[in-house]
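**Student:** Structure file coords.cif (mmCIF, C-alpha atoms) is given on the next line.
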data_final
loop_
_atom_site.label_atom_id
_atom_site.label_comp_id
_atom_site.auth_asym_id
_atom_site.auth_seq_id
_atom_site.Cartn_x
_atom_site.Cartn_y
_atom_site.Cartn_z
CA MET D 1 88.48 -4.87 -28.35
CA ARG D 2 86.15 -4.14 -25.46
CA SER D 3 87.88 -4.87 -22.19
CA VAL D 4 85.68 -6.02 -19.32
CA LYS D 5 86.45 -4.63 -15.87
CA PHE D 6 84.84 -5.41 -12.53
CA PRO D 7 84.86 -2.17 -10.54
CA PHE D 8 83.55 -1.44 -7.04
CA ARG D 9 80.17 -0.21 -8.28
CA ASP D 10 79.52 -3.37 -10.33
CA ARG D 11 80.45 -5.57 -7.41
CA LEU D 12 78.19 -3.59 -5.07
CA VAL D 13 75.25 -3.75 -7.49
CA LEU D 14 75.64 -7.53 -7.77
CA THR D 15 75.73 -8.30 -4.03
CA PRO D 16 71.93 -8.76 -3.73
CA MET D 17 72.30 -11.69 -6.14
CA GLU D 18 74.03 -13.54 -3.32
CA ILE D 19 72.43 -11.82 -0.30
CA ASN D 20 68.90 -12.87 -1.35
CA PRO D 21 69.46 -16.66 -1.55
CA ALA D 22 71.64 -16.55 1.57
CA THR D 23 69.07 -14.73 3.69
CA LYS D 24 66.42 -17.26 2.60
CA LYS D 25 68.52 -19.97 4.26
CA TYR D 26 69.13 -17.91 7.41
CA PRO D 27 65.85 -18.88 9.18
CA LEU D 28 66.92 -22.54 9.03
CA ILE D 29 70.34 -21.71 10.50
CA GLY D 30 68.61 -19.57 13.15
CA LEU D 31 66.20 -22.36 14.03
CA ILE D 32 69.06 -24.86 14.48
CA ILE D 33 70.93 -22.37 16.70
CA LEU D 34 67.83 -21.72 18.84
CA LEU D 35 67.20 -25.45 19.15
CA LEU D 36 70.82 -26.06 20.16
CA PHE D 37 70.48 -23.67 23.07
CA GLY D 38 66.82 -24.11 23.93
CA LEU D 39 66.52 -27.89 23.84
CA HIS D 40 66.51 -29.54 27.26
CA PRO D 41 65.40 -32.97 28.49
CA GLU D 42 62.26 -31.33 29.88
CA GLY D 43 61.45 -29.61 26.58
CA ILE D 44 62.32 -26.38 24.79
CA ILE D 45 63.12 -23.48 27.11
CA PHE D 46 62.68 -20.29 25.08
CA ALA D 47 64.54 -18.07 27.55
CA ASP D 48 67.66 -20.25 27.17
CA ALA D 49 67.22 -20.39 23.41
CA ILE D 50 67.20 -16.60 23.15
CA LYS D 51 69.83 -15.89 25.81
CA GLY D 52 72.34 -18.50 24.62
CA GLY D 53 71.47 -18.33 20.94
CA LEU D 54 71.47 -14.58 20.38
CA PRO D 55 75.26 -14.15 19.98
CA PHE D 56 75.27 -17.10 17.59
CA LEU D 57 72.32 -15.72 15.63
CA ILE D 58 74.31 -12.49 15.24
CA LEU D 59 77.42 -14.46 14.18
CA GLY D 60 75.32 -16.37 11.63
CA LEU D 61 73.97 -13.16 10.15
CA LEU D 62 77.41 -11.62 10.17
CA SER D 63 79.01 -14.59 8.42
CA ILE D 64 76.36 -14.42 5.70
CA LEU D 65 76.99 -10.68 5.35
CA SER D 66 80.76 -11.12 5.25
CA GLY D 67 80.49 -13.77 2.53
CA THR D 68 77.81 -12.14 0.40
CA PHE D 69 78.50 -8.45 0.93
CA PHE D 70 81.85 -7.55 2.52
CA THR D 71 83.90 -10.04 0.49
CA PRO D 72 82.49 -9.01 -2.92
CA VAL D 73 82.68 -5.30 -2.13
CA ILE D 74 86.31 -5.33 -0.99
CA LEU D 75 87.26 -8.27 -3.21
CA PRO D 76 90.60 -6.95 -4.59
CA PHE D 77 91.78 -5.90 -1.14
CA ILE D 78 91.39 -9.28 0.57
CA ALA D 79 94.39 -11.58 0.44
CA PHE D 80 94.36 -14.78 -1.68
CA ARG D 81 93.03 -15.37 -5.18
CA SER D 82 90.63 -18.08 -4.07
CA PHE D 83 87.12 -16.82 -3.29
CA ALA D 84 86.68 -19.52 -0.66
CA ALA D 85 89.86 -18.37 1.10
CA LYS D 86 88.86 -14.70 0.80
CA GLY D 87 85.45 -15.49 2.30
CA TRP D 88 86.99 -17.53 5.09
CA LEU D 89 89.36 -14.69 5.99
CA ALA D 90 86.57 -12.08 5.95
CA GLY D 91 84.39 -14.42 8.02
CA MET D 92 87.15 -15.10 10.53
CA ILE D 93 87.79 -11.36 11.01
CA SER D 94 84.04 -10.72 11.40
CA VAL D 95 83.67 -13.52 13.96
CA LEU D 96 86.76 -12.35 15.82
CA LEU D 97 85.57 -8.73 16.03
CA ALA D 98 81.98 -9.65 16.88
CA SER D 99 83.06 -12.18 19.51
CA GLN D 100 85.28 -9.59 21.16
CA SER D 101 82.57 -6.92 21.16
CA MET D 102 79.88 -9.33 22.45
CA GLY D 103 82.23 -10.77 25.08
CA LEU D 104 81.72 -14.28 23.73
CA HIS D 105 84.98 -15.48 25.22
CA ASP D 106 83.98 -14.57 28.77
CA GLY D 107 82.34 -17.49 30.52
CA THR D 108 81.27 -19.24 27.33
CA ASP D 109 81.79 -22.99 27.07
CA PRO D 110 85.06 -23.50 25.11
CA LEU D 111 83.20 -25.95 22.87
CA LEU D 112 80.88 -23.16 21.74
CA THR D 113 83.84 -20.87 21.07
CA VAL D 114 85.43 -23.57 18.91
CA ILE D 115 82.13 -24.05 17.06
CA ALA D 116 81.91 -20.28 16.45
CA TYR D 117 85.44 -20.05 15.03
CA LEU D 118 85.07 -23.23 13.01
CA PHE D 119 81.59 -23.01 11.53
CA PHE D 120 80.92 -19.33 10.83
CA PRO D 121 84.10 -18.53 8.83
CA ALA D 122 83.38 -21.68 6.77
CA LEU D 123 79.83 -20.42 6.18
CA SER D 124 81.21 -17.06 5.03
CA SER D 125 83.65 -18.90 2.77
CA TYR D 126 80.82 -20.90 1.18
CA TRP D 127 78.83 -17.77 0.39
CA ALA D 128 81.88 -15.96 -0.96
CA LEU D 129 82.51 -18.92 -3.27
CA GLN D 130 78.98 -18.50 -4.64
CA PHE D 131 79.93 -14.99 -5.79
CA THR D 132 82.13 -16.56 -8.49
CA GLY D 133 78.94 -16.71 -10.54
CA SER D 134 78.61 -12.93 -10.52
CA THR D 135 82.13 -12.00 -11.51
CA THR D 136 83.57 -11.21 -14.93
CA PHE D 137 86.86 -13.02 -14.50
CA THR D 138 86.40 -16.40 -12.80
CA SER D 139 86.78 -19.49 -14.97
CA MET D 140 85.12 -22.88 -14.77
CA SER D 141 88.46 -24.65 -14.34
CA GLY D 142 89.38 -22.29 -11.51
CA VAL D 143 86.08 -22.74 -9.67
CA LYS D 144 86.36 -26.52 -10.07
CA ARG D 145 89.89 -26.37 -8.63
CA GLU D 146 88.62 -24.31 -5.67
CA MET D 147 85.70 -26.62 -5.06
CA LYS D 148 87.90 -29.70 -5.10
CA ILE D 149 89.49 -28.36 -1.91
CA ALA D 150 86.65 -26.30 -0.44
CA ILE D 151 83.79 -28.82 -0.53
CA PRO D 152 85.62 -31.54 1.47
CA VAL D 153 86.66 -28.83 3.95
CA TYR D 154 83.04 -27.62 4.33
CA VAL D 155 81.80 -31.17 4.85
CA THR D 156 84.51 -31.86 7.44
CA VAL D 157 83.76 -28.60 9.27
CA LEU D 158 80.04 -29.41 9.28
CA ILE D 159 80.63 -32.90 10.69
CA ILE D 160 82.99 -31.60 13.41
CA THR D 161 80.52 -28.80 14.26
CA VAL D 162 77.65 -31.26 14.65
CA LEU D 163 79.79 -33.57 16.80
CA LEU D 164 80.91 -30.68 19.02
CA ALA D 165 77.30 -29.48 19.35
CA VAL D 166 76.23 -32.98 20.41
CA VAL D 167 79.08 -33.14 22.97
CA PHE D 168 78.07 -29.67 24.24
CA LYS D 169 74.46 -30.77 24.77
CA MET D 170 75.54 -34.01 26.43
CA LYS D 171 77.76 -32.04 28.81
CA GLN D 172 74.91 -29.59 29.46
CA TRP D 173 72.54 -32.45 30.24
CA ASP D 174 75.16 -34.13 32.48
CA ILE D 175 75.31 -37.20 30.26
CA LEU D 176 79.06 -36.76 29.77
CA MET H 1 91.75 -8.74 -11.23
CA LYS H 2 93.16 -12.18 -11.86
CA TYR H 3 91.73 -15.46 -10.67
CA LEU H 4 93.67 -18.63 -9.86
CA LEU H 5 96.93 -19.06 -11.75
CA LYS H 6 97.78 -21.89 -14.15
CA VAL H 7 94.27 -23.36 -14.35
CA SER H 8 93.20 -22.15 -17.80
CA THR H 9 92.55 -24.81 -20.45
CA LEU H 10 93.10 -22.32 -23.29
CA ASP H 11 95.18 -23.79 -26.11
CA LEU H 12 96.22 -22.12 -29.35
CA LEU H 13 97.20 -24.20 -32.37
CA HIS H 14 99.69 -21.99 -34.23
CA ASP H 15 99.65 -24.14 -37.37
CA LYS H 16 95.94 -23.52 -37.90
CA CYS H 17 96.02 -19.77 -37.11
CA ILE H 18 95.88 -17.53 -40.19
CA GLY H 19 96.20 -14.31 -38.19
CA CYS H 20 92.74 -12.89 -38.89
CA GLY H 21 92.66 -11.35 -35.39
CA THR H 22 89.04 -12.26 -34.65
CA CYS H 23 89.99 -13.96 -31.37
CA ILE H 24 91.74 -10.78 -30.24
CA GLU H 25 88.65 -8.73 -31.10
CA VAL H 26 86.27 -10.90 -29.12
CA CYS H 27 88.41 -11.65 -26.05
CA PRO H 28 87.11 -9.52 -23.14
CA HIS H 29 90.33 -9.75 -21.15
CA GLY H 30 93.12 -9.22 -23.67
CA VAL H 31 94.37 -12.77 -23.28
CA LEU H 32 95.48 -12.92 -26.91
CA ALA H 33 97.59 -10.61 -29.05
CA MET H 34 99.06 -10.54 -32.55
CA ASN H 35 102.70 -11.40 -33.09
CA ASN H 36 104.28 -11.89 -36.56
CA LYS H 37 100.81 -12.10 -38.16
CA LYS H 38 99.74 -14.91 -35.84
CA ALA H 39 97.74 -14.88 -32.63
CA ILE H 40 99.62 -15.64 -29.44
CA ILE H 41 98.52 -16.15 -25.84
CA VAL H 42 99.95 -13.29 -23.80
CA ASP H 43 98.36 -14.07 -20.43
CA SER H 44 96.38 -17.29 -20.05
CA ASP H 45 95.78 -16.53 -16.35
CA LYS H 46 93.38 -13.78 -17.42
CA CYS H 47 91.29 -16.27 -19.40
CA MET H 48 87.76 -16.76 -18.02
CA GLU H 49 87.09 -19.64 -20.42
CA CYS H 50 84.06 -17.93 -21.96
CA GLY H 51 84.88 -19.64 -25.25
CA ALA H 52 84.32 -16.53 -27.41
CA CYS H 53 87.68 -16.99 -29.14
CA MET H 54 87.05 -20.67 -29.91
CA THR H 55 83.50 -20.04 -31.10
CA ASN H 56 84.58 -17.23 -33.40
CA CYS H 57 87.68 -18.91 -34.82
CA ALA H 58 86.63 -20.26 -38.21
CA PHE H 59 89.82 -22.29 -38.53
CA GLY H 60 89.64 -24.31 -35.31
CA ALA H 61 92.89 -22.86 -34.05
CA ILE H 62 91.69 -22.41 -30.48
CA ASN H 63 90.60 -24.98 -27.95
CA VAL H 64 89.24 -24.18 -24.52
CA ASP H 65 87.10 -26.08 -22.07
CA LYS H 66 84.46 -23.36 -22.05
CA GLY H 67 81.87 -22.95 -19.32
CA VAL H 68 80.59 -20.74 -16.55
CA GLY H 69 82.91 -19.94 -13.64
CA CYS H 70 80.07 -20.22 -11.18
CA ALA H 71 80.16 -22.41 -8.07
CA ALA H 72 76.37 -22.77 -7.91
CA ALA H 73 76.27 -23.92 -11.54
CA ILE H 74 78.99 -26.50 -10.92
CA ILE H 75 77.24 -27.77 -7.77
CA ASN H 76 74.00 -28.04 -9.80
CA SER H 77 75.81 -29.99 -12.51
CA MET H 78 77.26 -32.35 -9.89
CA ILE H 79 73.75 -33.02 -8.60
CA THR H 80 71.97 -33.29 -11.96
CA GLY H 81 74.87 -34.75 -13.93
CA GLY H 82 74.47 -32.16 -16.71
CA GLU H 83 76.72 -29.39 -17.96
CA PRO H 84 77.40 -26.50 -15.54
CA SER H 85 74.79 -23.87 -16.31
CA CYS H 86 73.68 -20.96 -14.19
CA ASP H 87 70.45 -20.45 -16.06
CA CYS H 88 70.66 -16.85 -14.88
CA SER H 89 68.10 -15.88 -17.50
CA GLY H 90 65.52 -17.41 -15.18
CA GLY H 91 64.28 -19.96 -17.69
CA SER H 92 64.12 -22.74 -15.16
CA LYS H 93 62.15 -22.48 -11.95
CA ASN H 94 64.30 -25.26 -10.47
CA SER H 95 67.51 -23.28 -10.72
CA SER H 96 68.84 -22.31 -7.30
CA CYS H 97 71.45 -20.01 -8.82
CA CYS H 98 71.18 -16.26 -9.01
#
Output the file's structure in the form of structure tokens.
**Tutor:**
Amino acid sequence: MRSVKFPFRDRLVLTPMEINPATKKYPLIGLIILLLFGLHPEGIIFADAIKGGLPFLILGLLSILSGTFFTPVILPFIAFRSFAAKGWLAGMISVLLASQSMGLHDGTDPLLTVIAYLFFPALSSYWALQFTGSTTFTSMSGVKREMKIAIPVYVTVLIITVLLAVVFKMKQWDIL
Amino acid sequence: MKYLLKVSTLDLLHDKCIGCGTCIEVCPHGVLAMNNKKAIIVDSDKCMECGACMTNCAFGAINVDKGVGCAAAIINSMITGGEPSCDCSGGSKNSSCC
């Protein structure tokens, strides 16, 4: 009997399988972030888009990296069996560390902080869940079980994030 | 490494098993073992539902809902209504997986 293992080297070699499709979607995420910060009633102000959006662009990149690279590489050492939960945890730690180092908590609108802690760990979780396709031990029944919980959570997080972003812009434009 | 517990659909019909040991040979995770000249399931939580045991059992003693444990494949199947398939061989240009 040939026993199949899934060591560190195999996991590392397979990470580009998830990094590539994820990075292709990053420009869209980046564009939405820049629009969120740059859009004003008088038009798009690029200085605001860059200044306000930069920390969020970094968080977006970091959440993709934590889901597609960090989670697979240190897979056995992250708590939980669920890939979605592992990805969420890795994403949350990444966001927490990056937010602290970038000083995101200082003077940032609390709505934006909530968005950061809600959306980016969920994004990391989504990409970590995609890594199930590269492993040697995940089963279809298991992935279906995970998705039954994870997909409604992702949809809910996305809806709340959009609503919070709309409220943020309305506050910024003095509509609220 | 083990995945989620108590989700495997692996089922062994002892009455049909003749103890040839083929399932044990082909299982990549040592899910099955021989006991009193019959195959037994020793750890169903290690089963990745690849279906190798079921495919290779000439006596129909094993049932498993075989398929790929791949989130992208399952999302694709939800959208298209077909069976979950990664198509990792690159046969389809429409595949968003891998």
**Student:** Which chain D residues are at most 6 Å from chain H (counting all atoms listed in the file), as a VMD selection string?
**Tutor:** chain D and resid 1 to 4 17 81 130 132 to 133 137 to 143
**Student:** Atom CA of D:Val155 to atom CA of D:Leu118: how many Å, to one decimal?
**Tutor:** 11.8 Å
**Student:** Looking at D:Thr156, D:Ser134, D:Thr23, D:Ser124, which one is nearest to D:Gly67, with distances taken over only C-alpha atoms?
**Tutor:**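 When distances to D:Gly67 are compared using only C-alpha atoms, the smallest one comes from D:Ser124.
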**Student:** Residue by residue, what does the PyMOL selection byres ((chain H and resi 35) around 12) grab here? Present the result as a list in words.
**Tutor:**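 Answer for the PyMOL selection byres ((chain H and resi 35) around 12): His14, Cys17, Ile18, Gly19, Cys20, Gly21, Ile24, Leu32, Ala33, Met34, Asn36, Lys37, Lys38, Ala39, Ile40, Ile41 and Val42 of chain H.
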**Student:** One decimal, Å: what's the distance from atom CA of D:Tyr26 over to atom CA of D:Ser99, could you say?
**Tutor:**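 These atoms are spaced 19.3 Å apart.
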**Student:** Looking at all atoms listed in the file, which of D:Val157, D:Leu34, D:Leu123, D:Leu89 is the one that sits closest to D:Ala49?
**Tutor:**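 Ranked by minimum distance to D:Ala49, first place goes to D:Leu34.
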**Student:** Check what the PyMOL selection byres ((chain D and resi 149-153) around 10) selects in the file above and give those residues as a PyMOL selection string.
**Tutor:** (chain D and resi 82-85+122+125-126+129+143-148+154-159) or (chain H and resi 75)
**Student:** What would the file look like if the residues just selected were written as a PDB file, keeping the file's coordinate frame with C-alpha atoms?
**Tutor:**
ATOM      1  CA  SER D  82      90.630 -18.080  -4.070  1.00  0.00           C
ATOM      2  CA  PHE D  83      87.120 -16.820  -3.290  1.00  0.00           C
ATOM      3  CA  ALA D  84      86.680 -19.520  -0.660  1.00  0.00           C
ATOM      4  CA  ALA D  85      89.860 -18.370   1.100  1.00  0.00           C
ATOM      5  CA  ALA D 122      83.380 -21.680   6.770  1.00  0.00           C
ATOM      6  CA  SER D 125      83.650 -18.900   2.770  1.00  0.00           C
ATOM      7  CA  TYR D 126      80.820 -20.900   1.180  1.00  0.00           C
ATOM      8  CA  LEU D 129      82.510 -18.920  -3.270  1.00  0.00           C
ATOM      9  CA  VAL D 143      86.080 -22.740  -9.670  1.00  0.00           C
ATOM     10  CA  LYS D 144      86.360 -26.520 -10.070  1.00  0.00           C
ATOM     11  CA  ARG D 145      89.890 -26.370  -8.630  1.00  0.00           C
ATOM     12  CA  GLU D 146      88.620 -24.310  -5.670  1.00  0.00           C
ATOM     13  CA  MET D 147      85.700 -26.620  -5.060  1.00  0.00           C
ATOM     14  CA  LYS D 148      87.900 -29.700  -5.100  1.00  0.00           C
ATOM     15  CA  TYR D 154      83.040 -27.620   4.330  1.00  0.00           C
ATOM     16  CA  VAL D 155      81.800 -31.170   4.850  1.00  0.00           C
ATOM     17  CA  THR D 156      84.510 -31.860   7.440  1.00  0.00           C
ATOM     18  CA  VAL D 157      83.760 -28.600   9.270  1.00  0.00           C
ATOM     19  CA  LEU D 158      80.040 -29.410   9.280  1.00  0.00           C
ATOM     20  CA  ILE D 159      80.630 -32.900  10.690  1.00  0.00           C
TER      21      ILE D 159
ATOM     22  CA  ILE H  75      77.240 -27.770  -7.770  1.00  0.00           C
TER      23      ILE H  75
END
**Student:** Do you have the atom CA of D:Ser101-atom CA of D:Ala116 distance handy?
**Tutor:**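 Going from atom CA of D:Ser101 over to atom CA of D:Ala116, I get 14.2 Å.
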**Student:** Pull the neighbourhood of (89.8, -17.9, 13.0) for me: all residues within 10 Å in file coordinates, counting only C-alpha atoms, as an MDAnalysis selection string.
**Tutor:** chainID D and resid 88:96 114 116:122
**Student:** Generate a file of the selected residues that holds C-alpha atoms, formatted as a PDB file, keeping the file's coordinate frame.
**Tutor:**
ATOM      1  CA  TRP D  88      86.990 -17.530   5.090  1.00  0.00           C
ATOM      2  CA  LEU D  89      89.360 -14.690   5.990  1.00  0.00           C
ATOM      3  CA  ALA D  90      86.570 -12.080   5.950  1.00  0.00           C
ATOM      4  CA  GLY D  91      84.390 -14.420   8.020  1.00  0.00           C
ATOM      5  CA  MET D  92      87.150 -15.100  10.530  1.00  0.00           C
ATOM      6  CA  ILE D  93      87.790 -11.360  11.010  1.00  0.00           C
ATOM      7  CA  SER D  94      84.040 -10.720  11.400  1.00  0.00           C
ATOM      8  CA  VAL D  95      83.670 -13.520  13.960  1.00  0.00           C
ATOM      9  CA  LEU D  96      86.760 -12.350  15.820  1.00  0.00           C
ATOM     10  CA  VAL D 114      85.430 -23.570  18.910  1.00  0.00           C
ATOM     11  CA  ALA D 116      81.910 -20.280  16.450  1.00  0.00           C
ATOM     12  CA  TYR D 117      85.440 -20.050  15.030  1.00  0.00           C
ATOM     13  CA  LEU D 118      85.070 -23.230  13.010  1.00  0.00           C
ATOM     14  CA  PHE D 119      81.590 -23.010  11.530  1.00  0.00           C
ATOM     15  CA  PHE D 120      80.920 -19.330  10.830  1.00  0.00           C
ATOM     16  CA  PRO D 121      84.100 -18.530   8.830  1.00  0.00           C
ATOM     17  CA  ALA D 122      83.380 -21.680   6.770  1.00  0.00           C
TER      18      ALA D 122
END
**Student:** Counting only C-alpha atoms, which residue out of D:Gly107, D:Gly87, D:Gly38, D:Pro16 sits closest to D:Leu75?
**Tutor:**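 Of all the options, D:Gly87 lies closest to D:Leu75.
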**Student:** Taking into account all atoms listed in the file, which residue in the set D:Asp48, D:Leu12, D:His40, D:Lys25 is nearest to D:Asp174?
**Tutor:**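 Closest to D:Asp174, using all atoms listed in the file: D:His40.
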**Student:** Enclose stretch 4-8 of chain H, meaning all of its atoms listed in the file, in a box aligned along x, y and z, pad it by 4 Å on each side, and list the centre and edge lengths in Å to one decimal, as lines of an AutoDock Vina configuration file.
**Tutor:**
center_x = 95.5
center_y = -21.0
center_z = -13.8
size_x = 12.6
size_y = 12.7
size_z = 15.9
**Student:** Residues picked by the PyMOL selection byres ((chain D and resi 37) around 10) here, as a PyMOL selection string?
**Tutor:** chain D and resi 32-36+38-40+44-54+56+165+168-169+172
**Student:** So that I can check the surroundings of D:Thr15, please list as a ChimeraX atom specification every protein, DNA and RNA residue that reaches within 7 Å of it, counting only C-alpha atoms and ignoring chain neighbours fewer than 5 positions away.
**Tutor:** /D:68-69,72
**Student:** Restrict the output to stretch 110-132 of chain D and N, CA and C atoms, then write it as a PDB file, in the first residue's frame.
**Tutor:**
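Writing done, so here's decode_9.pdb:
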ATOM      1  N   PRO D 110     -14.585  54.437  12.770  1.00  0.00           N
ATOM      2  CA  PRO D 110     -14.861  53.087  13.307  1.00  0.00           C
ATOM      3  C   PRO D 110     -15.546  52.168  12.297  1.00  0.00           C
ATOM      4  N   LEU D 111     -16.326  52.771  11.397  1.00  0.00           N
ATOM      5  CA  LEU D 111     -16.995  51.955  10.367  1.00  0.00           C
ATOM      6  C   LEU D 111     -15.968  51.243   9.483  1.00  0.00           C
ATOM      7  N   LEU D 112     -14.904  51.965   9.149  1.00  0.00           N
ATOM      8  CA  LEU D 112     -13.854  51.380   8.307  1.00  0.00           C
ATOM      9  C   LEU D 112     -13.107  50.276   9.050  1.00  0.00           C
ATOM     10  N   THR D 113     -12.909  50.475  10.343  1.00  0.00           N
ATOM     11  CA  THR D 113     -12.243  49.451  11.158  1.00  0.00           C
ATOM     12  C   THR D 113     -13.100  48.182  11.186  1.00  0.00           C
ATOM     13  N   VAL D 114     -14.409  48.377  11.350  1.00  0.00           N
ATOM     14  CA  VAL D 114     -15.318  47.216  11.359  1.00  0.00           C
ATOM     15  C   VAL D 114     -15.261  46.509  10.003  1.00  0.00           C
ATOM     16  N   ILE D 115     -15.285  47.290   8.924  1.00  0.00           N
ATOM     17  CA  ILE D 115     -15.207  46.704   7.576  1.00  0.00           C
ATOM     18  C   ILE D 115     -13.929  45.877   7.439  1.00  0.00           C
ATOM     19  N   ALA D 116     -12.806  46.455   7.915  1.00  0.00           N
ATOM     20  CA  ALA D 116     -11.510  45.762   7.795  1.00  0.00           C
ATOM     21  C   ALA D 116     -11.526  44.418   8.520  1.00  0.00           C
ATOM     22  N   TYR D 117     -12.072  44.416   9.743  1.00  0.00           N
ATOM     23  CA  TYR D 117     -12.071  43.184  10.546  1.00  0.00           C
ATOM     24  C   TYR D 117     -13.161  42.191  10.124  1.00  0.00           C
ATOM     25  N   LEU D 118     -14.120  42.696   9.375  1.00  0.00           N
ATOM     26  CA  LEU D 118     -15.206  41.814   8.921  1.00  0.00           C
ATOM     27  C   LEU D 118     -14.875  41.205   7.552  1.00  0.00           C
ATOM     28  N   PHE D 119     -14.503  42.062   6.621  1.00  0.00           N
ATOM     29  CA  PHE D 119     -14.354  41.635   5.231  1.00  0.00           C
ATOM     30  C   PHE D 119     -13.062  40.863   4.960  1.00  0.00           C
ATOM     31  N   PHE D 120     -11.929  41.376   5.403  1.00  0.00           N
ATOM     32  CA  PHE D 120     -10.658  40.774   4.997  1.00  0.00           C
ATOM     33  C   PHE D 120     -10.413  39.373   5.572  1.00  0.00           C
ATOM     34  N   PRO D 121     -10.741  39.100   6.846  1.00  0.00           N
ATOM     35  CA  PRO D 121     -10.618  37.711   7.307  1.00  0.00           C
ATOM     36  C   PRO D 121     -11.541  36.765   6.530  1.00  0.00           C
ATOM     37  N   ALA D 122     -12.729  37.268   6.137  1.00  0.00           N
ATOM     38  CA  ALA D 122     -13.653  36.428   5.350  1.00  0.00           C
ATOM     39  C   ALA D 122     -13.065  36.147   3.968  1.00  0.00           C
ATOM     40  N   LEU D 123     -12.385  37.153   3.411  1.00  0.00           N
ATOM     41  CA  LEU D 123     -11.731  36.972   2.104  1.00  0.00           C
ATOM     42  C   LEU D 123     -10.619  35.922   2.208  1.00  0.00           C
ATOM     43  N   SER D 124      -9.846  36.010   3.268  1.00  0.00           N
ATOM     44  CA  SER D 124      -8.787  35.019   3.514  1.00  0.00           C
ATOM     45  C   SER D 124      -9.393  33.622   3.676  1.00  0.00           C
ATOM     46  N   SER D 125     -10.504  33.555   4.389  1.00  0.00           N
ATOM     47  CA  SER D 125     -11.199  32.281   4.607  1.00  0.00           C
ATOM     48  C   SER D 125     -11.645  31.677   3.279  1.00  0.00           C
ATOM     49  N   TYR D 126     -12.190  32.514   2.402  1.00  0.00           N
ATOM     50  CA  TYR D 126     -12.656  32.043   1.090  1.00  0.00           C
ATOM     51  C   TYR D 126     -11.504  31.438   0.292  1.00  0.00           C
ATOM     52  N   TRP D 127     -10.365  32.132   0.300  1.00  0.00           N
ATOM     53  CA  TRP D 127      -9.234  31.626  -0.483  1.00  0.00           C
ATOM     54  C   TRP D 127      -8.622  30.386   0.138  1.00  0.00           C
ATOM     55  N   ALA D 128      -8.649  30.304   1.451  1.00  0.00           N
ATOM     56  CA  ALA D 128      -8.148  29.091   2.118  1.00  0.00           C
ATOM     57  C   ALA D 128      -9.032  27.895   1.780  1.00  0.00           C
ATOM     58  N   LEU D 129     -10.338  28.152   1.690  1.00  0.00           N
ATOM     59  CA  LEU D 129     -11.278  27.078   1.341  1.00  0.00           C
ATOM     60  C   LEU D 129     -10.996  26.545  -0.065  1.00  0.00           C
ATOM     61  N   GLN D 130     -10.548  27.415  -0.945  1.00  0.00           N
ATOM     62  CA  GLN D 130     -10.223  26.985  -2.314  1.00  0.00           C
ATOM     63  C   GLN D 130      -9.050  25.997  -2.338  1.00  0.00           C
ATOM     64  N   PHE D 131      -8.212  26.057  -1.306  1.00  0.00           N
ATOM     65  CA  PHE D 131      -7.043  25.167  -1.274  1.00  0.00           C
ATOM     66  C   PHE D 131      -7.448  23.708  -1.053  1.00  0.00           C
ATOM     67  N   THR D 132      -8.696  23.468  -0.678  1.00  0.00           N
ATOM     68  CA  THR D 132      -9.157  22.077  -0.511  1.00  0.00           C
ATOM     69  C   THR D 132      -8.916  21.278  -1.795  1.00  0.00           C
TER      70      THR D 132
END
